[in-house]
$ cat work01.tsv   # TSV, C-alpha atoms
chain	number	residue	atom	x	y	z
A	1	MET	CA	159.37	171.30	159.83
A	2	ASP	CA	160.91	170.98	163.28
A	3	LEU	CA	157.64	170.37	165.11
A	4	LEU	CA	156.93	167.29	162.97
A	5	LYS	CA	160.51	165.97	163.16
A	6	GLN	CA	160.49	166.31	166.95
A	7	ARG	CA	157.19	164.46	167.11
A	8	ILE	CA	158.49	161.64	164.89
A	9	VAL	CA	161.50	161.23	167.17
A	10	LYS	CA	159.34	161.34	170.30
A	11	ASP	CA	156.35	159.21	169.24
A	12	GLY	CA	157.32	157.42	166.01
A	13	LYS	CA	158.24	153.75	166.24
A	14	VAL	CA	160.69	152.00	163.95
A	15	PHE	CA	159.94	148.35	163.14
A	16	PRO	CA	161.86	145.75	161.12
A	17	GLY	CA	161.14	145.84	157.41
A	18	ASN	CA	161.74	149.56	157.13
A	19	ILE	CA	158.46	150.49	158.82
A	20	LEU	CA	158.02	153.85	160.56
A	21	LYS	CA	154.85	153.75	162.60
A	22	VAL	CA	153.27	157.13	163.29
A	23	SER	CA	149.77	155.92	164.05
A	24	GLY	CA	149.81	157.66	167.43
A	25	PHE	CA	149.64	161.18	165.95
A	26	LEU	CA	149.54	161.20	162.13
A	27	ASN	CA	147.58	158.47	160.39
A	28	HIS	CA	145.35	156.57	162.83
A	29	LEU	CA	145.04	158.76	165.91
A	30	ILE	CA	145.42	162.25	164.47
A	31	ASP	CA	146.67	165.25	166.46
A	32	SER	CA	144.45	168.17	165.43
A	33	SER	CA	146.91	170.84	166.61
A	34	LEU	CA	149.74	169.27	164.61
A	35	MET	CA	147.45	169.11	161.57
A	36	LYS	CA	146.78	172.86	161.81
A	37	GLU	CA	150.51	173.59	161.92
A	38	ILE	CA	151.12	171.27	158.95
A	39	GLY	CA	148.34	173.07	157.06
A	40	LYS	CA	149.95	176.46	157.74
A	41	GLU	CA	153.43	175.26	156.75
A	42	VAL	CA	152.24	173.76	153.45
A	43	CYS	CA	150.34	176.99	152.75
A	44	ARG	CA	153.58	178.93	153.30
A	45	LEU	CA	155.61	176.59	151.05
A	46	PHE	CA	153.16	176.99	148.15
A	47	GLU	CA	152.30	180.66	148.62
A	48	GLY	CA	151.28	182.44	145.42
A	49	GLU	CA	150.68	179.21	143.51
A	50	LYS	CA	146.95	179.87	142.98
A	51	ILE	CA	145.96	176.35	144.01
A	52	THR	CA	142.30	175.53	143.25
A	53	LYS	CA	142.09	171.97	144.59
A	54	ILE	CA	143.84	169.50	146.89
A	55	LEU	CA	144.08	165.89	145.71
A	56	THR	CA	144.88	163.04	148.09
A	57	ILE	CA	144.27	159.30	148.38
A	58	GLU	CA	142.16	157.44	150.91
A	59	ALA	CA	142.42	156.93	153.79
A	60	SER	CA	145.45	158.28	155.62
A	61	GLY	CA	146.03	161.28	153.34
A	62	ILE	CA	142.61	162.78	154.00
A	63	ALA	CA	143.26	164.40	157.39
A	64	ILE	CA	146.39	166.21	156.20
A	65	ALA	CA	144.72	167.20	152.94
A	66	CYS	CA	141.79	168.70	154.89
A	67	ALA	CA	144.17	170.67	157.11
A	68	VAL	CA	145.90	172.16	154.06
A	69	ALA	CA	142.58	172.80	152.28
A	70	SER	CA	141.21	174.56	155.33
A	71	GLU	CA	144.15	177.00	155.29
A	72	LEU	CA	143.92	177.56	151.53
A	73	ASN	CA	140.10	177.57	151.52
A	74	VAL	CA	139.89	175.22	148.53
A	75	PRO	CA	138.13	171.84	148.14
A	76	VAL	CA	139.73	168.45	148.81
A	77	LEU	CA	139.29	165.57	146.40
A	78	PHE	CA	140.30	162.12	147.56
A	79	ALA	CA	141.02	159.28	145.16
A	80	LYS	CA	139.27	156.07	146.10
A	81	LYS	CA	140.74	152.62	145.98
A	82	HIS	CA	138.50	150.84	143.54
A	83	LYS	CA	137.12	147.50	144.68
A	84	SER	CA	135.99	145.97	141.41
A	85	SER	CA	137.75	145.70	138.07
A	86	ASN	CA	134.70	147.28	136.44
A	87	ILE	CA	135.79	150.87	135.75
A	88	THR	CA	133.04	153.08	134.31
A	89	ASN	CA	133.63	155.96	131.91
A	90	THR	CA	132.57	158.47	134.59
A	91	VAL	CA	135.94	158.22	136.39
A	92	TYR	CA	139.63	158.76	135.76
A	93	SER	CA	141.63	155.76	136.98
A	94	ALA	CA	145.27	154.92	137.61
A	95	GLN	CA	147.24	151.93	138.85
A	96	VAL	CA	149.19	152.28	142.10
A	97	LYS	CA	151.69	149.64	143.18
A	98	SER	CA	152.03	149.14	146.93
A	99	TYR	CA	155.46	148.03	148.14
A	100	THR	CA	154.08	147.61	151.67
A	101	HIS	CA	151.25	145.27	150.70
A	102	GLY	CA	152.82	143.83	147.56
A	103	ASN	CA	149.80	144.44	145.37
A	104	VAL	CA	148.45	146.88	142.78
A	105	ASN	CA	145.44	149.09	143.52
A	106	THR	CA	143.29	150.89	141.02
A	107	VAL	CA	142.50	154.41	142.26
A	108	VAL	CA	139.72	156.53	140.82
A	109	VAL	CA	138.26	160.02	140.94
A	110	GLU	CA	135.01	161.09	139.36
A	111	LYS	CA	135.61	163.07	136.19
A	112	GLU	CA	133.16	165.79	137.20
A	113	CYS	CA	135.26	166.53	140.31
A	114	LEU	CA	138.41	167.52	138.41
A	115	SER	CA	138.53	169.98	135.50
A	116	SER	CA	141.13	171.27	133.07
A	117	ASP	CA	141.00	174.66	134.85
A	118	ASP	CA	142.24	173.16	138.12
A	119	ARG	CA	145.65	173.87	139.62
A	120	VAL	CA	146.12	170.88	141.88
A	121	LEU	CA	148.30	170.39	144.94
A	122	ILE	CA	148.74	166.72	145.80
A	123	VAL	CA	148.95	165.96	149.54
A	124	ASP	CA	149.80	162.69	151.27
A	125	ASP	CA	151.10	161.40	154.59
A	126	PHE	CA	154.01	159.32	153.21
A	127	LEU	CA	156.27	159.31	150.17
A	128	ALA	CA	158.66	156.39	149.64
A	129	HIS	CA	159.01	154.94	146.12
A	130	GLY	CA	156.58	157.53	144.81
A	131	GLU	CA	154.04	155.13	143.34
A	132	SER	CA	150.98	156.78	144.95
A	133	LEU	CA	152.18	160.21	143.92
A	134	ARG	CA	152.70	159.09	140.32
A	135	GLY	CA	149.20	157.60	140.27
A	136	LEU	CA	147.72	160.87	141.52
A	137	ILE	CA	149.75	162.91	139.00
A	138	ASP	CA	148.39	160.59	136.30
A	139	LEU	CA	144.80	161.37	137.39
A	140	VAL	CA	145.43	165.13	137.29
A	141	LYS	CA	146.95	164.88	133.80
A	142	GLN	CA	144.04	162.79	132.50
A	143	ALA	CA	141.79	165.72	133.46
A	144	GLY	CA	144.08	168.15	131.62
A	145	ALA	CA	144.66	169.98	134.90
A	146	GLU	CA	147.93	171.42	136.22
A	147	VAL	CA	150.04	169.71	138.91
A	148	VAL	CA	151.30	172.57	141.09
A	149	GLY	CA	153.33	170.18	143.21
A	150	ALA	CA	153.13	167.78	146.10
A	151	ALA	CA	153.18	168.32	149.85
A	152	ILE	CA	154.10	165.30	151.93
A	153	ALA	CA	154.31	164.91	155.69
A	154	ILE	CA	157.03	162.24	155.83
A	155	GLU	CA	159.32	161.25	152.97
A	156	LYS	CA	161.62	158.25	153.16
A	157	GLY	CA	164.43	159.98	151.32
A	158	TYR	CA	166.56	156.86	150.92
A	159	GLN	CA	163.84	155.15	148.85
A	160	GLY	CA	164.31	157.72	146.13
A	161	GLY	CA	160.74	158.40	144.99
A	162	GLY	CA	160.81	162.08	145.95
A	163	ASP	CA	164.19	162.84	144.38
A	164	ALA	CA	163.20	161.12	141.12
A	165	LEU	CA	160.10	163.32	140.88
A	166	ARG	CA	162.14	166.45	141.72
A	167	ALA	CA	164.58	165.51	138.94
A	168	GLU	CA	161.61	165.43	136.57
A	169	GLY	CA	160.77	169.01	137.55
A	170	TYR	CA	157.99	168.50	140.11
A	171	LYS	CA	157.95	170.70	143.20
A	172	VAL	CA	157.87	168.11	145.99
A	173	GLU	CA	157.94	169.56	149.50
A	174	SER	CA	158.23	167.09	152.35
A	175	LEU	CA	158.00	168.37	155.91
A	176	ALA	CA	160.32	165.67	157.24
A	177	ILE	CA	162.71	163.66	155.07
A	178	VAL	CA	164.02	160.54	156.80
A	179	GLU	CA	167.49	159.61	155.52
A	180	SER	CA	168.01	156.61	157.76
A	181	MET	CA	166.32	154.85	160.63
A	182	GLY	CA	167.16	151.93	162.83
A	183	GLU	CA	168.02	150.90	166.35
A	184	ASP	CA	170.26	153.94	166.82
A	185	GLY	CA	167.52	156.41	165.92
A	186	ILE	CA	166.21	158.41	163.02
A	187	THR	CA	168.31	160.77	160.86
A	188	PHE	CA	166.64	163.53	158.84
A	189	ARG	CA	167.88	165.30	155.71
A	190	ASN	CA	168.77	168.94	156.40
B	1	MET	CA	121.42	172.75	159.70
B	2	ASP	CA	119.95	174.85	156.90
B	3	LEU	CA	123.22	175.36	155.03
B	4	LEU	CA	123.68	171.59	154.64
B	5	LYS	CA	120.03	170.94	153.72
B	6	GLN	CA	120.17	173.66	151.06
B	7	ARG	CA	123.34	172.14	149.66
B	8	ILE	CA	121.81	168.65	149.56
B	9	VAL	CA	118.83	170.02	147.63
B	10	LYS	CA	121.08	171.98	145.27
B	11	ASP	CA	123.90	169.49	144.62
B	12	GLY	CA	122.73	166.10	145.93
B	13	LYS	CA	121.59	163.52	143.40
B	14	VAL	CA	118.97	160.86	144.07
B	15	PHE	CA	119.47	157.54	142.30
B	16	PRO	CA	117.34	154.38	142.17
B	17	GLY	CA	117.99	151.99	145.04
B	18	ASN	CA	117.61	154.67	147.68
B	19	ILE	CA	120.98	156.26	146.94
B	20	LEU	CA	121.67	159.90	147.78
B	21	LYS	CA	124.88	160.95	146.09
B	22	VAL	CA	126.68	163.86	147.72
B	23	SER	CA	130.11	163.20	146.27
B	24	GLY	CA	130.28	166.72	144.83
B	25	PHE	CA	130.63	168.40	148.23
B	26	LEU	CA	130.65	165.94	151.15
B	27	ASN	CA	132.39	162.62	150.65
B	28	HIS	CA	134.54	162.63	147.51
B	29	LEU	CA	135.06	166.27	146.58
B	30	ILE	CA	134.88	168.01	149.95
B	31	ASP	CA	133.86	171.64	150.41
B	32	SER	CA	136.25	173.05	153.06
B	33	SER	CA	133.99	175.99	153.95
B	34	LEU	CA	131.03	173.69	154.52
B	35	MET	CA	133.23	171.44	156.67
B	36	LYS	CA	134.14	174.39	158.91
B	37	GLU	CA	130.46	175.26	159.39
B	38	ILE	CA	129.64	171.62	160.15
B	39	GLY	CA	132.47	171.56	162.70
B	40	LYS	CA	131.10	174.67	164.42
B	41	GLU	CA	127.53	173.36	164.47
B	42	VAL	CA	128.54	170.00	165.98
B	43	CYS	CA	130.64	171.87	168.54
B	44	ARG	CA	127.53	173.90	169.48
B	45	LEU	CA	125.31	170.80	169.71
B	46	PHE	CA	127.72	169.05	172.11
B	47	GLU	CA	128.83	172.10	174.10
B	48	GLY	CA	129.88	171.31	177.67
B	49	GLU	CA	130.22	167.57	177.02
B	50	LYS	CA	133.97	167.47	177.77
B	51	ILE	CA	134.76	165.42	174.67
B	52	THR	CA	138.33	164.07	174.62
B	53	LYS	CA	138.35	162.24	171.29
B	54	ILE	CA	136.49	161.97	167.98
B	55	LEU	CA	135.99	158.49	166.54
B	56	THR	CA	135.06	157.91	162.91
B	57	ILE	CA	135.46	155.24	160.24
B	58	GLU	CA	137.47	155.34	157.05
B	59	ALA	CA	137.27	156.84	154.54
B	60	SER	CA	134.37	159.23	154.10
B	61	GLY	CA	133.93	160.05	157.80
B	62	ILE	CA	137.47	161.41	158.18
B	63	ALA	CA	136.99	164.88	156.68
B	64	ILE	CA	133.96	165.68	158.83
B	65	ALA	CA	135.62	164.21	161.92
B	66	CYS	CA	138.68	166.41	161.34
B	67	ALA	CA	136.50	169.52	161.00
B	68	VAL	CA	134.79	168.76	164.31
B	69	ALA	CA	138.08	167.89	166.00
B	70	SER	CA	139.65	171.12	164.80
B	71	GLU	CA	136.86	173.12	166.47
B	72	LEU	CA	137.05	171.09	169.70
B	73	ASN	CA	140.85	170.85	169.61
B	74	VAL	CA	140.84	167.11	170.34
B	75	PRO	CA	142.37	164.19	168.42
B	76	VAL	CA	140.57	162.16	165.74
B	77	LEU	CA	140.77	158.38	165.71
B	78	PHE	CA	139.57	156.58	162.61
B	79	ALA	CA	138.60	152.92	162.61
B	80	LYS	CA	140.17	150.98	159.77
B	81	LYS	CA	138.47	148.37	157.65
B	82	HIS	CA	140.54	145.30	158.30
B	83	LYS	CA	141.73	143.43	155.23
B	84	SER	CA	142.67	140.06	156.71
B	85	SER	CA	140.82	137.81	159.11
B	86	ASN	CA	143.92	137.73	161.30
B	87	ILE	CA	143.05	140.07	164.19
B	88	THR	CA	145.89	140.65	166.64
B	89	ASN	CA	145.44	141.32	170.35
B	90	THR	CA	146.72	144.90	169.92
B	91	VAL	CA	143.40	146.09	168.47
B	92	TYR	CA	139.74	146.33	169.38
B	93	SER	CA	137.58	144.98	166.56
B	94	ALA	CA	133.91	144.98	165.62
B	95	GLN	CA	131.77	143.64	162.79
B	96	VAL	CA	129.93	146.13	160.60
B	97	LYS	CA	127.29	144.99	158.11
B	98	SER	CA	127.00	147.08	154.94
B	99	TYR	CA	123.55	147.24	153.38
B	100	THR	CA	124.97	149.12	150.39
B	101	HIS	CA	127.63	146.55	149.54
B	102	GLY	CA	125.88	143.51	151.02
B	103	ASN	CA	128.90	142.35	153.02
B	104	VAL	CA	130.35	142.45	156.54
B	105	ASN	CA	133.49	144.41	157.34
B	106	THR	CA	135.70	144.02	160.36
B	107	VAL	CA	136.74	147.43	161.70
B	108	VAL	CA	139.62	147.92	164.09
B	109	VAL	CA	141.29	150.56	166.24
B	110	GLU	CA	144.59	150.13	168.05
B	111	LYS	CA	144.03	149.61	171.76
B	112	GLU	CA	146.69	152.17	172.69
B	113	CYS	CA	144.71	154.89	170.86
B	114	LEU	CA	141.58	154.61	173.03
B	115	SER	CA	141.57	154.59	176.83
B	116	SER	CA	138.98	154.17	179.57
B	117	ASP	CA	139.38	157.89	180.41
B	118	ASP	CA	138.12	158.95	176.99
B	119	ARG	CA	134.80	160.68	176.39
B	120	VAL	CA	134.19	159.91	172.74
B	121	LEU	CA	132.05	161.68	170.15
B	122	ILE	CA	131.39	159.48	167.12
B	123	VAL	CA	131.23	161.34	163.80
B	124	ASP	CA	130.20	160.04	160.39
B	125	ASP	CA	128.92	161.29	157.06
B	126	PHE	CA	125.85	159.01	156.82
B	127	LEU	CA	123.51	157.18	159.18
B	128	ALA	CA	120.95	154.78	157.74
B	129	HIS	CA	120.41	151.43	159.47
B	130	GLY	CA	122.97	152.36	162.11
B	131	GLU	CA	125.32	149.43	161.60
B	132	SER	CA	128.51	151.53	161.38
B	133	LEU	CA	127.51	153.54	164.41
B	134	ARG	CA	126.84	150.38	166.44
B	135	GLY	CA	130.23	149.01	165.43
B	136	LEU	CA	131.95	152.19	166.56
B	137	ILE	CA	129.99	152.22	169.85
B	138	ASP	CA	131.13	148.64	170.36
B	139	LEU	CA	134.80	149.70	169.96
B	140	VAL	CA	134.40	152.52	172.50
B	141	LYS	CA	132.79	150.16	175.01
B	142	GLN	CA	135.53	147.56	174.58
B	143	ALA	CA	137.99	150.25	175.69
B	144	GLY	CA	135.82	151.04	178.73
B	145	ALA	CA	135.43	154.60	177.43
B	146	GLU	CA	132.29	156.74	177.44
B	147	VAL	CA	130.12	157.35	174.34
B	148	VAL	CA	129.11	161.01	174.57
B	149	GLY	CA	126.98	160.70	171.46
B	150	ALA	CA	127.09	160.76	167.70
B	151	ALA	CA	127.16	163.61	165.21
B	152	ILE	CA	126.10	162.72	161.68
B	153	ALA	CA	125.97	164.89	158.57
B	154	ILE	CA	123.08	163.13	156.79
B	155	GLU	CA	120.66	160.67	158.38
B	156	LYS	CA	118.19	158.66	156.34
B	157	GLY	CA	115.44	158.96	158.93
B	158	TYR	CA	113.13	156.47	157.26
B	159	GLN	CA	115.67	153.66	157.64
B	160	GLY	CA	115.30	153.86	161.40
B	161	GLY	CA	118.87	153.42	162.62
B	162	GLY	CA	119.06	156.82	164.30
B	163	ASP	CA	115.71	156.60	166.05
B	164	ALA	CA	116.50	153.12	167.38
B	165	LEU	CA	119.72	154.43	168.93
B	166	ARG	CA	117.92	157.48	170.36
B	167	ALA	CA	115.36	155.12	171.94
B	168	GLU	CA	118.26	153.32	173.62
B	169	GLY	CA	119.36	156.62	175.17
B	170	TYR	CA	122.15	157.71	172.83
B	171	LYS	CA	122.40	161.38	171.91
B	172	VAL	CA	122.39	161.24	168.11
B	173	GLU	CA	122.50	164.63	166.38
B	174	SER	CA	122.12	164.62	162.62
B	175	LEU	CA	122.52	167.88	160.75
B	176	ALA	CA	120.06	166.86	158.02
B	177	ILE	CA	117.49	164.07	158.42
B	178	VAL	CA	116.03	162.93	155.11
B	179	GLU	CA	112.49	161.59	155.56
B	180	SER	CA	111.84	160.80	151.94
B	181	MET	CA	113.47	161.24	148.57
B	182	GLY	CA	112.51	160.50	145.03
B	183	GLU	CA	111.68	162.06	141.70
B	184	ASP	CA	109.64	164.82	143.35
B	185	GLY	CA	112.51	165.94	145.57
B	186	ILE	CA	113.88	165.47	149.08
B	187	THR	CA	111.87	166.00	152.28
B	188	PHE	CA	113.66	166.68	155.57
B	189	ARG	CA	112.46	166.07	159.12
B	190	ASN	CA	111.84	169.33	160.98

$ encode --input "work01.tsv" --output "structure tokens"
Amino acid sequence: MDLLKQRIVKDGKVFPGNILKVSGFLNHLIDSSLMKEIGKEVCRLFEGEKITKILTIEASGIAIACAVASELNVPVLFAKKHKSSNITNTVYSAQVKSYTHGNVNTVVVEKECLSSDDRVLIVDDFLAHGESLRGLIDLVKQAGAEVVGAAIAIEKGYQGGGDALRAEGYKVESLAIVESMGEDGITFRN
Amino acid sequence: MDLLKQRIVKDGKVFPGNILKVSGFLNHLIDSSLMKEIGKEVCRLFEGEKITKILTIEASGIAIACAVASELNVPVLFAKKHKSSNITNTVYSAQVKSYTHGNVNTVVVEKECLSSDDRVLIVDDFLAHGESLRGLIDLVKQAGAEVVGAAIAIEKGYQGGGDALRAEGYKVESLAIVESMGEDGITFRN
């Protein structure tokens, strides 16, 4: 998606430790116009898929998920990072490893919010190693629902999470795939 | 807003400890159509206010904030709950007491995302004692920006936070104000 790539080049900031900061337009301050265009593009990429629900993870996935859901006119469900180790039997839960923070989060959704009839599109702002995405896929499968695919704003292609999931047969559509980034700029996959 | 009140009566669940659970349509599973109507209604309530930015707090405020921002065509900024005690000088920070969880959170926004030119509408899903709202007002004031007012989906009127802020001169518009709730149902303020 050229609009997003141009915006990453213009307003994204690359920091040591492989960090691409897009908090000025994507996941802290959020550009509403860009969100609408992202929603439309994801809708186009998954046309005809009969999606019944969008699943994302708090907090930075929610805005993009809502933009997609608004176009598709389906509900959004966001998985919550669980604070306590006390998981009740009213939720589905999965473990998600964070490479950025070096810890493991438990994420949960309430069972009554996801049913075996659902055809779920997973939406998130970033995809790197794919740990969040695998956790969300796990939640959908626990409910006996169908994973239609995943729509991601920015994928770090060189970290391999997206390609591994594609090799397993998942439809993963990323609007911008970063192949390299550093002092001499950002290169996207064609 | 009748549509929201009807939905609360139909799908909201009242639990002991003064808890109104609306996770089936407002803050876990999110009804996109309802969000659009909420966005339009808030837009109507603050017409002519020349709002430049929406401020909310992660995670459950984000969906409503995005719906309002989409109608107004302005950016959303969401305050993040800060994990460490190490606050850098690149952020504005405020303390927010949680009556539900019995703790105090530090919330932050990046300074470069909020400027003294901004006219800010604060949006959140719930208003009870008003602690979150006061924290967000604090962030806006630290930036030297203007608080246009606050738009809330559900206010617990009997907990007094909204009325206290109104008495201080803030324009606080809540789409549904619960005056009482219990086994015999939910009563709204007219």

$ interface_residues --input "work01.tsv" --of "chain B" --to "chain A" --cutoff "12 Å" --atoms "all atoms listed in the file" --output "NGL selection string"
:B and (22-37 or 39 or 52-81 or 83-84 or 101 or 108-114)

$ closest_residue --input "work01.tsv" --among "B:Gly185, B:Gln159, B:His82, B:Val104" --to "B:Lys10" --atoms "only C-alpha atoms"
B:Gly185

$ atom_distance --input "work01.tsv" --atom1 "atom CA of B:Arg166" --atom2 "atom CA of B:Pro16"
28.4 Å

$ atom_distance --input "work01.tsv" --atom1 "atom CA of B:Val107" --atom2 "atom CA of B:Leu121"
17.2 Å

$ atom_distance --input "work01.tsv" --atom1 "atom CA of A:Val148" --atom2 "atom CA of A:Arg7"
27.9 Å

$ closest_residue --input "work01.tsv" --among "B:Val178, B:Val96, B:Ala145, B:Leu139" --to "B:Phe126" --atoms "only C-alpha atoms"
B:Val178

$ closest_residue --input "work01.tsv" --among "B:Asn105, B:Asp125, B:Ile8, B:Lys97" --to "B:Thr187" --atoms "all atoms listed in the file"
B:Ile8

$ closest_residue --input "work01.tsv" --among "B:Glu49, B:Val120, B:Gly130, B:Val147" --to "B:Gly169" --atoms "only C-alpha atoms"
B:Val147

$ residues_near_point --input "work01.tsv" --point "(114.4, 171.3, 155.0)" --cutoff "9 Å" --atoms "all atoms listed in the file" --output "MDAnalysis selection string"
chainID B and resid 1:2 5:6 9 176:178 186:190

$ residues_near_point --input "work01.tsv" --point "(157.6, 172.2, 151.1)" --cutoff "9 Å" --atoms "all atoms listed in the file" --output "ChimeraX atom specification"
/A:1,41-46,150-152,171-175

$ write_last_selection --input "work01.tsv" --atoms "C-alpha atoms" --output "tab-separated table (two decimals), in the coordinates of the input"
chain	number	residue	atom	x	y	z
A	1	MET	CA	159.37	171.30	159.83
A	41	GLU	CA	153.43	175.26	156.75
A	42	VAL	CA	152.24	173.76	153.45
A	43	CYS	CA	150.34	176.99	152.75
A	44	ARG	CA	153.58	178.93	153.30
A	45	LEU	CA	155.61	176.59	151.05
A	46	PHE	CA	153.16	176.99	148.15
A	150	ALA	CA	153.13	167.78	146.10
A	151	ALA	CA	153.18	168.32	149.85
A	152	ILE	CA	154.10	165.30	151.93
A	171	LYS	CA	157.95	170.70	143.20
A	172	VAL	CA	157.87	168.11	145.99
A	173	GLU	CA	157.94	169.56	149.50
A	174	SER	CA	158.23	167.09	152.35
A	175	LEU	CA	158.00	168.37	155.91

$ closest_residue --input "work01.tsv" --among "A:Ile19, A:Leu136, A:Leu3, A:Leu127" --to "A:Gly161" --atoms "all atoms listed in the file"
A:Leu127

$ build_atoms --input "work01.tsv" --residues "stretch 50-64 of chain A" --atoms "N, CA and C atoms" --output "PDB file, in the coordinates of the input"
ATOM      1  N   LYS A  50     148.342 179.858 143.481  1.00  0.00           N
ATOM      2  CA  LYS A  50     146.950 179.870 142.980  1.00  0.00           C
ATOM      3  C   LYS A  50     146.354 178.465 142.876  1.00  0.00           C
ATOM      4  N   ILE A  51     146.491 177.717 143.951  1.00  0.00           N
ATOM      5  CA  ILE A  51     145.960 176.350 144.010  1.00  0.00           C
ATOM      6  C   ILE A  51     144.429 176.402 144.048  1.00  0.00           C
ATOM      7  N   THR A  52     143.779 175.555 143.252  1.00  0.00           N
ATOM      8  CA  THR A  52     142.300 175.530 143.250  1.00  0.00           C
ATOM      9  C   THR A  52     141.748 174.262 143.900  1.00  0.00           C
ATOM     10  N   LYS A  53     142.589 173.239 144.053  1.00  0.00           N
ATOM     11  CA  LYS A  53     142.090 171.970 144.590  1.00  0.00           C
ATOM     12  C   LYS A  53     143.226 171.158 145.201  1.00  0.00           C
ATOM     13  N   ILE A  54     142.898 170.445 146.291  1.00  0.00           N
ATOM     14  CA  ILE A  54     143.840 169.500 146.890  1.00  0.00           C
ATOM     15  C   ILE A  54     143.414 168.100 146.482  1.00  0.00           C
ATOM     16  N   LEU A  55     144.374 167.297 146.037  1.00  0.00           N
ATOM     17  CA  LEU A  55     144.080 165.890 145.710  1.00  0.00           C
ATOM     18  C   LEU A  55     144.875 164.998 146.646  1.00  0.00           C
ATOM     19  N   THR A  56     144.200 164.012 147.247  1.00  0.00           N
ATOM     20  CA  THR A  56     144.880 163.040 148.090  1.00  0.00           C
ATOM     21  C   THR A  56     144.309 161.663 147.801  1.00  0.00           C
ATOM     22  N   ILE A  57     144.717 160.682 148.595  1.00  0.00           N
ATOM     23  CA  ILE A  57     144.270 159.300 148.380  1.00  0.00           C
ATOM     24  C   ILE A  57     143.778 158.754 149.712  1.00  0.00           C
ATOM     25  N   GLU A  58     142.663 157.981 149.660  1.00  0.00           N
ATOM     26  CA  GLU A  58     142.160 157.440 150.910  1.00  0.00           C
ATOM     27  C   GLU A  58     143.147 156.431 151.475  1.00  0.00           C
ATOM     28  N   ALA A  59     143.154 156.220 152.791  1.00  0.00           N
ATOM     29  CA  ALA A  59     142.420 156.930 153.790  1.00  0.00           C
ATOM     30  C   ALA A  59     143.333 157.888 154.567  1.00  0.00           C
ATOM     31  N   SER A  60     144.625 157.537 154.669  1.00  0.00           N
ATOM     32  CA  SER A  60     145.450 158.280 155.620  1.00  0.00           C
ATOM     33  C   SER A  60     145.909 159.644 155.110  1.00  0.00           C
ATOM     34  N   GLY A  61     145.692 159.942 153.830  1.00  0.00           N
ATOM     35  CA  GLY A  61     146.030 161.280 153.340  1.00  0.00           C
ATOM     36  C   GLY A  61     144.960 162.317 153.643  1.00  0.00           C
ATOM     37  N   ILE A  62     143.749 161.859 153.941  1.00  0.00           N
ATOM     38  CA  ILE A  62     142.610 162.780 154.000  1.00  0.00           C
ATOM     39  C   ILE A  62     142.742 163.841 155.100  1.00  0.00           C
ATOM     40  N   ALA A  63     143.183 163.438 156.275  1.00  0.00           N
ATOM     41  CA  ALA A  63     143.260 164.400 157.390  1.00  0.00           C
ATOM     42  C   ALA A  63     144.231 165.533 157.070  1.00  0.00           C
ATOM     43  N   ILE A  64     145.396 165.189 156.528  1.00  0.00           N
ATOM     44  CA  ILE A  64     146.390 166.210 156.200  1.00  0.00           C
ATOM     45  C   ILE A  64     145.890 167.088 155.058  1.00  0.00           C
TER      46      ILE A  64
END
